[in-house]
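Colleague: Just one file: model37.cif, with mmCIF, C-alpha atoms and all ligand atoms.
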data_target
loop_
_atom_site.label_atom_id
_atom_site.label_comp_id
_atom_site.auth_asym_id
_atom_site.auth_seq_id
_atom_site.Cartn_x
_atom_site.Cartn_y
_atom_site.Cartn_z
CA MET A 207 13.85 -4.28 -6.93
CA GLU A 208 13.93 -1.67 -4.32
CA ASN A 209 16.52 1.05 -4.26
CA THR A 210 19.30 0.28 -1.85
CA GLY A 211 20.37 2.57 0.93
CA LYS A 212 23.74 2.78 -0.78
CA THR A 213 22.39 4.75 -3.68
CA LEU A 214 20.04 6.83 -1.56
CA SER A 215 22.22 7.87 1.29
CA SER A 216 25.21 10.11 1.16
CA GLU A 217 27.00 8.32 4.02
CA SER A 218 27.08 4.96 2.23
CA MET A 219 24.97 3.37 4.88
CA LEU A 220 23.52 -0.06 4.33
CA SER A 221 19.81 -0.18 3.61
CA TYR A 222 17.65 -2.04 6.09
CA GLU A 223 17.51 -5.07 3.79
CA GLU A 224 21.26 -5.13 3.26
CA ALA A 225 21.95 -4.69 6.94
CA LEU A 226 19.55 -7.47 7.89
CA GLU A 227 21.03 -9.81 5.30
CA GLU A 228 24.54 -9.08 6.54
CA LEU A 229 23.44 -9.70 10.08
CA LEU A 230 21.60 -12.94 9.40
CA ALA A 231 24.52 -14.31 7.42
CA ASN A 232 26.62 -13.90 10.54
CA VAL A 233 24.39 -15.54 13.12
CA PRO A 234 26.12 -18.68 14.41
CA LYS A 235 24.49 -22.00 13.46
CA PRO A 236 21.76 -23.25 15.81
CA LYS A 237 23.08 -25.74 18.36
CA PRO A 238 20.99 -28.70 19.54
CA ILE A 239 20.49 -29.30 23.26
CA GLN A 240 18.33 -31.65 25.32
CA VAL A 241 15.75 -30.20 27.66
CA PRO A 242 12.92 -31.63 29.75
CA LEU A 243 9.63 -31.71 27.85
CA ARG A 244 8.14 -28.72 29.65
CA GLU A 245 11.05 -26.50 28.71
CA ALA A 246 10.54 -27.24 25.04
CA LEU A 247 7.35 -25.20 24.74
CA GLY A 248 7.69 -22.48 22.12
CA ARG A 249 11.04 -23.82 20.95
CA VAL A 250 12.21 -25.38 17.70
CA LEU A 251 12.83 -29.13 17.41
CA ALA A 252 16.43 -29.88 16.47
CA ALA A 253 15.64 -33.45 15.43
CA PRO A 254 12.62 -35.28 14.07
CA VAL A 255 10.46 -37.17 16.53
CA VAL A 256 9.86 -40.78 15.53
CA ALA A 257 7.06 -42.94 16.94
CA ASP A 258 8.40 -45.41 19.53
CA LEU A 259 5.15 -47.40 19.34
CA ASP A 260 2.06 -47.96 17.26
CA LEU A 261 -0.88 -45.70 17.96
CA PRO A 262 -3.14 -47.00 19.23
CA PRO A 263 -0.72 -49.56 20.64
CA PHE A 264 -3.51 -52.20 20.75
CA ARG A 265 -6.96 -52.66 19.20
CA LYS A 266 -8.92 -50.10 21.14
CA SER A 267 -12.58 -49.41 21.78
CA PHE A 268 -13.76 -45.90 20.87
CA VAL A 269 -16.87 -46.16 23.04
CA ASP A 270 -18.36 -47.60 26.21
CA GLY A 271 -20.37 -50.65 25.19
CA PHE A 272 -20.06 -54.34 24.37
CA ALA A 273 -17.35 -56.06 22.37
CA VAL A 274 -19.04 -58.58 20.08
CA ARG A 275 -18.65 -60.64 16.95
CA SER A 276 -20.17 -58.66 14.11
CA GLN A 277 -21.74 -61.83 12.70
CA ASP A 278 -23.80 -62.20 15.89
CA ALA A 279 -24.57 -58.50 15.96
CA GLY A 280 -25.86 -58.61 12.41
CA GLN A 281 -28.90 -60.48 13.69
CA ALA A 282 -29.92 -57.75 16.18
CA PRO A 283 -32.01 -57.56 18.17
CA VAL A 284 -30.16 -60.47 19.71
CA LYS A 285 -29.26 -61.59 23.24
CA LEU A 286 -25.62 -62.43 24.01
CA GLU A 287 -23.88 -63.98 27.00
CA VAL A 288 -21.62 -61.49 28.85
CA VAL A 289 -18.32 -63.22 29.64
CA GLY A 290 -16.35 -60.38 31.19
CA ILE A 291 -15.85 -56.69 31.75
CA ILE A 292 -12.80 -54.79 30.48
CA ALA A 293 -11.87 -51.36 31.79
CA ALA A 294 -9.33 -49.00 30.20
CA GLY A 295 -5.92 -50.15 31.41
CA ASP A 296 -7.07 -53.75 32.02
CA SER A 297 -5.00 -56.49 30.52
CA ASN A 298 -7.60 -59.29 30.92
CA GLN A 299 -8.71 -60.48 27.52
CA PRO A 300 -11.57 -62.99 27.62
CA LEU A 301 -11.94 -64.87 24.31
CA ILE A 302 -15.28 -63.92 22.75
CA GLY A 303 -16.97 -66.90 21.18
CA THR A 304 -20.14 -67.14 19.12
CA GLY A 305 -23.10 -65.74 21.03
CA GLN A 306 -20.85 -64.00 23.53
CA ALA A 307 -19.92 -60.43 24.42
CA ALA A 308 -17.74 -58.55 26.91
CA GLN A 309 -18.62 -55.26 28.48
CA ILE A 310 -15.92 -52.76 27.50
CA MET A 311 -15.00 -49.17 28.33
CA THR A 312 -13.66 -46.43 26.06
CA GLY A 313 -9.93 -46.88 25.54
CA ALA A 314 -9.86 -50.52 26.65
CA PRO A 315 -8.31 -53.25 24.47
CA VAL A 316 -10.85 -55.13 22.36
CA PRO A 317 -10.61 -58.83 23.32
CA PRO A 318 -9.77 -61.61 20.83
CA GLY A 319 -12.73 -63.01 18.93
CA ALA A 320 -14.57 -59.68 19.01
CA ASP A 321 -14.45 -57.54 15.89
CA ALA A 322 -16.87 -54.73 16.77
CA VAL A 323 -18.17 -52.79 19.73
CA GLN A 324 -21.80 -51.83 20.12
CA MET A 325 -22.26 -48.65 22.11
CA VAL A 326 -24.01 -48.99 25.42
CA GLU A 327 -26.85 -46.70 24.29
CA LYS A 328 -27.85 -49.34 21.72
CA THR A 329 -27.97 -52.21 24.20
CA ARG A 330 -30.11 -53.29 27.13
CA GLN A 331 -28.56 -55.27 29.96
CA GLU A 332 -31.04 -57.30 31.97
CA SER A 333 -28.57 -59.20 34.13
CA GLU A 334 -24.84 -59.31 34.71
CA SER A 335 -24.55 -62.32 32.43
CA GLU A 336 -26.72 -61.19 29.55
CA VAL A 337 -27.01 -58.22 27.19
CA GLU A 338 -29.43 -57.53 24.35
CA LEU A 339 -28.07 -55.71 21.30
CA LEU A 340 -30.91 -53.53 20.05
CA GLU A 341 -29.28 -52.68 16.73
CA PRO A 342 -26.72 -54.41 14.49
CA VAL A 343 -23.10 -53.24 14.44
CA GLY A 344 -20.79 -53.79 11.50
CA LEU A 345 -17.35 -55.34 11.29
CA GLY A 346 -14.73 -53.02 12.82
CA GLU A 347 -17.26 -50.46 14.02
CA ASN A 348 -16.15 -48.44 17.08
CA VAL A 349 -12.82 -50.24 17.05
CA ALA A 350 -9.52 -48.50 16.32
CA ALA A 351 -7.09 -50.96 14.74
CA LYS A 352 -3.59 -51.21 16.23
CA GLY A 353 -1.39 -48.63 14.50
CA SER A 354 -4.32 -47.08 12.65
CA GLU A 355 -3.28 -43.54 13.65
CA VAL A 356 0.50 -43.83 13.66
CA GLN A 357 2.84 -46.73 13.03
CA PHE A 358 6.01 -47.51 14.91
CA GLY A 359 8.95 -45.73 13.25
CA GLU A 360 6.87 -43.09 11.53
CA THR A 361 8.04 -39.46 11.81
CA VAL A 362 5.41 -37.65 13.84
CA LEU A 363 7.14 -34.25 14.16
CA THR A 364 9.72 -32.99 11.72
CA GLN A 365 12.89 -31.19 12.64
CA GLY A 366 12.21 -27.44 12.66
CA ARG A 367 8.72 -27.77 14.10
CA VAL A 368 7.84 -25.25 16.78
CA VAL A 369 6.61 -26.93 19.94
CA GLY A 370 3.10 -25.68 20.69
CA SER A 371 0.52 -27.22 22.97
CA ALA A 372 -0.49 -29.98 20.57
CA GLU A 373 3.17 -30.83 19.90
CA ALA A 374 3.71 -31.07 23.68
CA GLY A 375 0.99 -33.73 23.71
CA VAL A 376 2.56 -35.54 20.77
CA LEU A 377 5.97 -35.54 22.47
CA ALA A 378 4.39 -37.01 25.60
CA THR A 379 2.53 -39.63 23.55
CA PHE A 380 5.82 -40.94 22.23
CA GLY A 381 7.68 -40.85 25.50
CA ARG A 382 9.86 -37.80 24.95
CA ALA A 383 10.57 -36.82 28.54
CA GLU A 384 13.66 -35.15 27.08
CA VAL A 385 13.41 -33.19 23.86
CA GLU A 386 16.11 -32.11 21.45
CA ILE A 387 15.65 -28.41 20.65
CA TYR A 388 17.91 -25.60 19.50
CA ALA A 389 19.65 -23.69 22.26
CA ALA A 390 18.78 -20.09 22.95
CA PRO A 391 21.60 -17.56 23.13
CA ARG A 392 22.64 -16.38 26.57
CA ILE A 393 21.95 -12.68 26.40
CA ALA A 394 23.34 -9.71 28.31
CA VAL A 395 21.58 -6.34 28.24
CA ILE A 396 24.12 -3.61 28.96
CA PRO A 397 22.84 -0.04 29.32
CA THR A 398 25.44 2.69 29.00
CA GLY A 399 25.15 6.36 29.91
CA GLY A 400 26.36 8.56 32.75
CA GLU A 401 22.88 10.02 33.12
CA LEU A 402 21.20 6.73 33.97
CA VAL A 403 19.81 5.90 37.39
CA GLU A 404 17.98 2.78 38.45
CA VAL A 405 14.25 2.42 38.41
CA ASP A 406 13.89 2.76 42.18
CA GLN A 407 15.76 6.09 42.21
CA LYS A 408 14.45 9.61 41.89
CA PRO A 409 16.55 11.15 39.09
CA LYS A 410 18.49 14.26 40.10
CA PHE A 411 18.92 17.14 37.69
CA GLY A 412 20.33 15.85 34.41
CA GLN A 413 19.59 12.21 35.19
CA ILE A 414 16.99 9.87 33.73
CA ARG A 415 15.82 6.43 34.69
CA ASN A 416 17.29 3.46 32.88
CA SER A 417 14.18 2.36 31.02
CA ASN A 418 15.86 0.64 28.08
CA ALA A 419 17.23 -2.21 30.14
CA TYR A 420 13.72 -3.13 31.20
CA ALA A 421 12.16 -2.80 27.76
CA LEU A 422 14.98 -4.84 26.20
CA TRP A 423 14.84 -7.45 28.94
CA ALA A 424 11.09 -7.73 28.28
CA GLN A 425 11.64 -8.02 24.53
CA CYS A 426 14.12 -10.86 25.13
CA ARG A 427 11.68 -12.51 27.49
CA GLN A 428 8.97 -12.32 24.80
CA LEU A 429 11.33 -14.29 22.58
CA GLY A 430 11.63 -16.91 25.29
CA VAL A 431 15.04 -15.84 26.60
CA GLU A 432 15.75 -14.61 30.12
CA ALA A 433 18.43 -11.95 29.63
CA THR A 434 20.94 -10.89 32.28
CA VAL A 435 20.67 -7.14 32.86
CA PHE A 436 23.83 -5.24 33.78
CA PRO A 437 23.73 -2.12 35.94
CA PRO A 438 24.18 1.09 33.90
CA VAL A 439 27.74 1.65 32.71
CA PRO A 440 29.00 5.25 32.97
CA ASP A 441 30.50 6.79 29.82
CA GLU A 442 34.12 6.15 30.75
CA PRO A 443 36.36 4.16 28.39
CA ASP A 444 37.70 1.81 31.08
CA LEU A 445 34.26 1.01 32.43
CA VAL A 446 32.87 0.56 28.93
CA ARG A 447 35.83 -1.74 28.19
CA ARG A 448 35.17 -3.80 31.27
CA SER A 449 31.49 -4.15 30.29
CA VAL A 450 32.47 -5.18 26.75
CA ARG A 451 34.77 -7.87 28.13
CA GLU A 452 32.03 -9.12 30.44
CA GLY A 453 29.48 -8.90 27.63
CA LEU A 454 31.69 -11.10 25.47
CA HIS A 455 31.16 -13.93 27.95
CA TYR A 456 27.60 -14.09 26.69
CA ASP A 457 26.45 -15.41 23.33
CA LEU A 458 24.84 -12.11 22.55
CA ALA A 459 25.41 -8.75 24.20
CA ILE A 460 23.00 -5.88 23.64
CA PHE A 461 24.46 -2.50 24.48
CA THR A 462 22.28 0.57 24.47
CA GLY A 463 23.50 4.12 24.35
CA GLY A 464 26.92 5.39 23.48
CA VAL A 465 26.94 4.27 19.85
CA SER A 466 26.37 7.65 18.17
CA MET A 467 28.85 10.34 17.25
CA GLY A 468 28.90 12.11 20.61
CA GLU A 469 32.08 12.98 22.45
CA TYR A 470 31.38 10.30 25.07
CA ASP A 471 30.08 7.57 22.76
CA TYR A 472 32.85 5.07 23.48
CA VAL A 473 31.15 1.81 22.58
CA PRO A 474 32.22 1.54 18.88
CA GLN A 475 35.84 2.43 19.63
CA VAL A 476 36.11 0.01 22.56
CA LEU A 477 34.48 -2.79 20.57
CA ALA A 478 37.04 -2.35 17.82
CA GLU A 479 39.88 -2.34 20.36
CA GLU A 480 38.53 -5.54 21.91
CA GLY A 481 38.67 -7.35 18.58
CA VAL A 482 35.00 -7.24 17.63
CA THR A 483 34.44 -7.26 13.87
CA VAL A 484 31.80 -4.67 13.11
CA PHE A 485 29.54 -5.62 10.19
CA PHE A 486 27.86 -2.28 10.07
CA HIS A 487 27.61 0.84 12.12
CA LYS A 488 24.64 2.88 10.94
CA ALA A 489 21.84 1.80 8.68
CA ALA A 490 19.53 3.88 6.50
CA ILE A 491 16.59 3.54 8.83
CA LYS A 492 14.53 5.78 11.05
CA PRO A 493 14.50 5.49 13.98
CA GLY A 494 17.76 3.76 14.87
CA LYS A 495 20.28 5.03 12.36
CA PRO A 496 23.35 4.64 14.65
CA ILE A 497 22.83 0.88 15.13
CA LEU A 498 25.97 -1.21 15.29
CA VAL A 499 26.26 -4.97 14.81
CA GLY A 500 29.40 -7.04 15.17
CA ARG A 501 30.77 -10.38 16.14
CA LYS A 502 33.78 -11.85 17.89
CA ASN A 503 34.12 -15.60 17.40
CA ASP A 504 30.67 -16.95 18.21
CA HIS A 505 29.64 -13.92 20.23
CA MET A 506 27.36 -11.33 18.68
CA ILE A 507 27.34 -7.73 19.76
CA PHE A 508 24.58 -5.22 19.19
CA GLY A 509 24.97 -1.53 19.90
CA LEU A 510 21.52 0.01 19.95
CA PRO A 511 20.94 3.74 20.19
CA GLY A 512 20.01 4.98 23.66
CA ASN A 513 16.85 6.72 22.57
CA PRO A 514 14.15 4.47 24.02
CA VAL A 515 12.04 4.29 20.85
CA SER A 516 15.13 3.66 18.72
CA ALA A 517 16.34 0.95 21.08
CA PHE A 518 12.95 -0.74 21.02
CA VAL A 519 12.56 -0.57 17.24
CA THR A 520 16.10 -1.69 16.43
CA PHE A 521 15.64 -4.64 18.77
CA GLU A 522 12.57 -5.68 16.80
CA LEU A 523 14.23 -5.05 13.42
CA PHE A 524 17.64 -6.60 14.10
CA VAL A 525 18.05 -8.32 17.44
CA ARG A 526 14.83 -10.28 17.17
CA PRO A 527 15.68 -11.86 13.80
CA ALA A 528 19.16 -12.76 15.06
CA VAL A 529 17.85 -14.36 18.23
CA ARG A 530 15.14 -16.23 16.38
CA ARG A 531 17.56 -17.52 13.78
CA TRP A 532 19.96 -18.52 16.56
CA MET A 533 17.09 -20.54 18.05
CA GLY A 534 16.36 -22.23 14.73
CA PHE A 535 13.14 -20.45 13.79
CA LYS A 536 12.46 -20.17 10.06
CA ARG A 537 10.31 -17.08 10.48
CA HIS A 538 12.63 -14.66 12.17
CA SER A 539 11.35 -11.24 11.20
CA LEU A 540 8.13 -9.58 12.31
CA ARG A 541 5.03 -10.55 10.37
CA LYS A 542 4.39 -8.17 7.49
CA VAL A 543 0.79 -7.49 6.46
CA SER A 544 -0.92 -4.99 4.16
CA GLY A 545 -3.64 -2.71 5.37
CA GLU A 546 -5.50 0.45 4.63
CA LEU A 547 -4.02 3.66 5.94
CA VAL A 548 -6.53 5.62 8.03
CA THR A 549 -4.76 9.00 8.12
CA ASP A 550 -2.00 10.53 5.99
CA ALA A 551 1.60 9.83 6.90
CA THR A 552 4.59 11.90 5.85
CA GLN A 553 8.34 11.89 6.25
CA LYS A 554 11.46 13.57 5.02
CA PRO A 555 12.77 11.03 2.47
CA GLY A 556 16.24 9.53 2.77
CA ARG A 557 15.88 6.61 5.16
CA LYS A 558 13.35 3.83 5.45
CA PHE A 559 10.94 4.98 8.13
CA PHE A 560 9.33 2.57 10.57
CA LYS A 561 6.57 4.65 12.03
CA GLN A 562 4.68 3.53 15.07
CA ALA A 563 1.11 2.59 14.27
CA MET A 564 -1.96 0.89 15.59
CA THR A 565 -3.12 -1.82 13.22
CA VAL A 566 -6.53 -3.34 13.79
CA TRP A 567 -8.53 -5.89 11.82
CA VAL A 568 -11.87 -4.28 10.98
CA GLU A 569 -14.41 -6.52 9.23
CA ASP A 570 -12.37 -7.64 6.25
CA ARG A 571 -9.08 -5.76 6.37
CA PHE A 572 -6.36 -4.30 8.51
CA LYS A 573 -6.73 -0.60 9.19
CA VAL A 574 -3.52 1.21 10.00
CA ARG A 575 -3.45 4.36 12.11
CA PRO A 576 -0.08 6.05 12.54
CA ILE A 577 0.52 7.23 16.09
CA GLU A 578 1.71 10.78 16.52
CA THR A 579 4.37 11.44 19.11
CA ARG A 580 6.00 14.35 20.79
CA GLY A 581 9.42 13.50 19.45
CA SER A 582 11.22 10.32 18.69
CA ALA A 583 12.05 9.58 22.32
CA ASP A 584 8.38 9.43 23.26
CA LEU A 585 8.09 5.87 24.53
CA VAL A 586 4.80 6.66 26.23
CA ALA A 587 3.09 7.38 22.91
CA PHE A 588 4.99 4.49 21.37
CA SER A 589 3.66 2.10 23.97
CA SER A 590 0.20 2.27 22.41
CA ALA A 591 1.57 1.04 19.05
CA ASN A 592 1.24 -2.59 18.01
CA SER A 593 2.99 -2.27 14.66
CA LEU A 594 5.38 -0.33 12.48
CA LEU A 595 4.14 1.36 9.34
CA ILE A 596 6.76 1.21 6.58
CA LEU A 597 7.57 4.32 4.56
CA GLU A 598 10.20 3.48 1.97
CA SER A 599 13.20 5.78 1.88
CA ASP A 600 12.08 7.53 -1.29
CA VAL A 601 8.48 8.05 -0.16
CA ALA A 602 7.55 11.40 1.32
CA HIS A 603 3.83 11.00 1.65
CA LEU A 604 1.27 8.25 2.08
CA LYS A 605 -2.38 9.18 1.72
CA ALA A 606 -5.31 8.01 3.78
CA GLY A 607 -7.08 5.12 2.03
CA GLN A 608 -3.86 3.86 0.44
CA GLN A 609 -2.66 0.26 0.85
CA VAL A 610 0.39 0.20 3.08
CA GLU A 611 2.63 -2.39 4.67
CA VAL A 612 3.11 -2.80 8.39
CA LEU A 613 5.18 -5.04 10.61
CA LEU A 614 3.13 -6.47 13.46
CA PHE A 615 4.66 -6.87 16.89
CA ASP A 616 4.22 -10.43 18.05
CA HIS A 617 3.48 -9.66 21.63
CA ASP A 618 1.71 -7.33 23.98
CA SER A 619 -1.43 -7.18 21.95
CA ASP A 620 -3.88 -7.95 24.74
CA GLY A 621 -5.37 -5.08 26.55
CA ARG A 622 -4.70 -2.66 23.74
CA GLN A 623 -7.60 -0.72 22.43
CA GLY A 624 -9.52 -2.24 19.57
CA GLU A 625 -8.25 -5.78 20.09
P1 LIG B 701 22.85 7.94 23.35
O1 LIG B 701 22.51 6.92 22.34
O2 LIG B 701 23.74 7.43 24.42
O3 LIG B 701 23.36 9.19 22.72
O4 LIG B 701 21.49 8.33 24.07
C1 LIG B 701 20.43 8.91 23.35
C2 LIG B 701 19.31 9.32 24.28
O5 LIG B 701 18.77 8.16 24.89
C3 LIG B 701 19.73 10.21 25.42
O6 LIG B 701 18.72 11.17 25.62
C4 LIG B 701 19.86 9.28 26.57
O7 LIG B 701 19.67 9.94 27.80
C5 LIG B 701 18.78 8.29 26.30
N1 LIG B 701 19.10 7.01 26.91
C6 LIG B 701 20.29 6.37 26.79
N2 LIG B 701 20.28 5.21 27.46
C7 LIG B 701 19.05 5.10 28.01
C8 LIG B 701 18.43 4.12 28.84
N3 LIG B 701 19.07 3.01 29.22
N4 LIG B 701 17.16 4.33 29.22
C9 LIG B 701 16.51 5.45 28.83
N5 LIG B 701 17.04 6.38 28.04
C10 LIG B 701 18.30 6.24 27.65
MG MG B 702 24.77 8.19 25.99
#
Rewrite the coordinates I just gave you, this time as structure tokens.

Modeller:
Amino acid sequence: MENTGKTLSSESMLSYEEALEELLANVPKPKPIQVPLREALGRVLAAPVVADLDLPPFRKSFVDGFAVRSQDAGQAPVKLEVVGIIAAGDSNQPLIGTGQAAQIMTGAPVPPGADAVQMVEKTRQESESEVELLEPVGLGENVAAKGSEVQFGETVLTQGRVVGSAEAGVLATFGRAEVEIYAAPRIAVIPTGGELVEVDQKPKFGQIRNSNAYALWAQCRQLGVEATVFPPVPDEPDLVRRSVREGLHYDLAIFTGGVSMGEYDYVPQVLAEEGVTVFFHKAAIKPGKPILVGRKNDHMIFGLPGNPVSAFVTFELFVRPAVRRWMGFKRHSLRKVSGELVTDATQKPGRKFFKQAMTVWVEDRFKVRPIETRGSADLVAFSSANSLLILESDVAHLKAGQQVEVLLFDHDSDGRQGE
């Protein structure tokens, strides 16, 4: 067992694991909704999908060729009378008697009397009414029996399955124009800070552009949720209060900025006044220590630090798992893999450190290269990271060559060096 943040930190902060557990225990239960098939991609099935028909629904030819009686075909080479032609989609079903055959296309129903199909490559047709089978074909060959793949009533996709491309095809096969999936939370991204100006503005002295709203919106989008982005909220209690009230109309509101111990950090106080139960404010992590998570009824509130790297990382560490659990995913946290550290990494012990890193598969293993930054607000350096190297809170130094653990970001990997 790992040491907990409680024993390591003087401020009785929750450890990352404790904080995450507390958070996940408080995510409202996934709610089923119906959506059109195309909107189900990437989402989790809220109910099993049961076959509404046999597959194939009729005896079906696997090949283009001639439907025959295998007894006749056993005597090949043999000439047979052609009594019809059956295309895929045709419903005509000539009865095939002894010495007879019907020309048939891939996917067409095999007519009664026939019990095999000889592929066209092994036949020679001299006239419309006669075909010569050049080789024998055995009973059932090139014929898919009705229900041989799936039988009516069978479960073809279980509840909890994530709808990928193949699942989309399966849903279509069984007529699911509407699909029952788990709802996504409606999310508001609410940047706070008197210094923030919009992206199309040239910041005046003391101002900075509101980058967090865009990064957080993008992170939500990568989870399959289109978040509503609020304009920046100045650090004034009444305006923060109004934004909290508006944020509580959403399932999940993500504030950034204003959650630390500064004179103008009003978010925690206003949340408390508005009846939000705060599960934790601060966790023994780096970056992102001031993180706040709370809930009012079925509405979840996140207060992420304003520092762009902290906001990004705490989204991945806390908001992502909450959103994914809300949407019914079983795997809610980032994928953790082990790899070989390429250069030394150090920290001042005390909090669990999630250090930005580039993790690349080289030959037979992941190689992990920590990315150096010019300070913890350096989102530009951070943007070349695809993972977070974990330094436990009691670890000061990791040496090159050592096995380490990293959390891989799910997204954004294309176009990055080495991938
Ligand atoms: P705070 O958490 O409000 O104390 O902010 C910490 C740092 O993050 C400050 O340097 C802020 O200017 C910066 N910051 C806060 N909000 C944003 C934002 N939306 N976009 C970019 N930087 C921000
Ligand atoms: Mg601020």

Colleague: Got a sec: who's within 7 Å of A:Ala389, counting all atoms listed in the file, leaving out chain neighbours fewer than 6 positions off, as a PyMOL selection string?

Modeller: chain A and resi 236-239+533

Colleague: Which residue is closest to ligand LIG 701 (chain B)? Choose from A:Leu286, A:Leu422, A:Ala591, A:Met506 and count only C-alpha atoms and all ligand atoms.

Modeller: A:Leu422

Colleague: So that I can check the surroundings of stretch 300-317 of chain A, please list as a VMD selection string every protein, DNA and RNA residue that reaches within 10 Å of it, counting only C-alpha atoms and ignoring chain neighbours fewer than 4 positions away.

Modeller: chain A and resid 262 to 279 284 to 296 321 to 326 334 to 339 348 to 352

Colleague: Return as an mmCIF file with C-alpha atoms, in the frame of the given file every polymer residue, whether protein, DNA or RNA, with at least one atom no more than 6 Å from an atom of ligand MG 702 (chain B); count all atoms listed in the file.

Modeller:
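This went into out-v5.cif:
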data_model
loop_
_atom_site.group_PDB
_atom_site.id
_atom_site.type_symbol
_atom_site.label_atom_id
_atom_site.label_comp_id
_atom_site.auth_asym_id
_atom_site.auth_seq_id
_atom_site.Cartn_x
_atom_site.Cartn_y
_atom_site.Cartn_z
ATOM 1 C CA GLY A 399 25.150 6.360 29.910
ATOM 2 C CA GLY A 463 23.500 4.120 24.350
ATOM 3 C CA GLY A 464 26.920 5.390 23.480
#

Colleague: Using all atoms listed in the file, which residues have at least one atom no more than 7 Å from ligand LIG 701 (chain B)? Output them as a PyMOL selection string.

Modeller: chain A and resi 397-399+401-402+414-419+462-466+468+471+511-514

Colleague: Neighbours of A:Glu598 within 10 Å (only C-alpha atoms; same-chain residues fewer than 5 positions away dropped), as a VMD selection string?

Modeller: chain A and resid 208 to 209 491 553 555 to 560 603 611

Colleague: Extract, using only C-alpha atoms, all DNA, RNA and protein residues at most 7 Å from A:Pro342, discarding same-chain residues fewer than 5 positions from it, and format them as a PyMOL selection string.

Modeller: chain A and resi 279-282

Colleague: Taking the point (22.8, 1.8, 5.8) as given in the file, collect each protein or nucleic acid residue that comes within 7 Å of it, counting all atoms listed in the file, and present the set as an MDAnalysis selection string.

Modeller: chainID A and resid 211:212 218:222 225 488:490
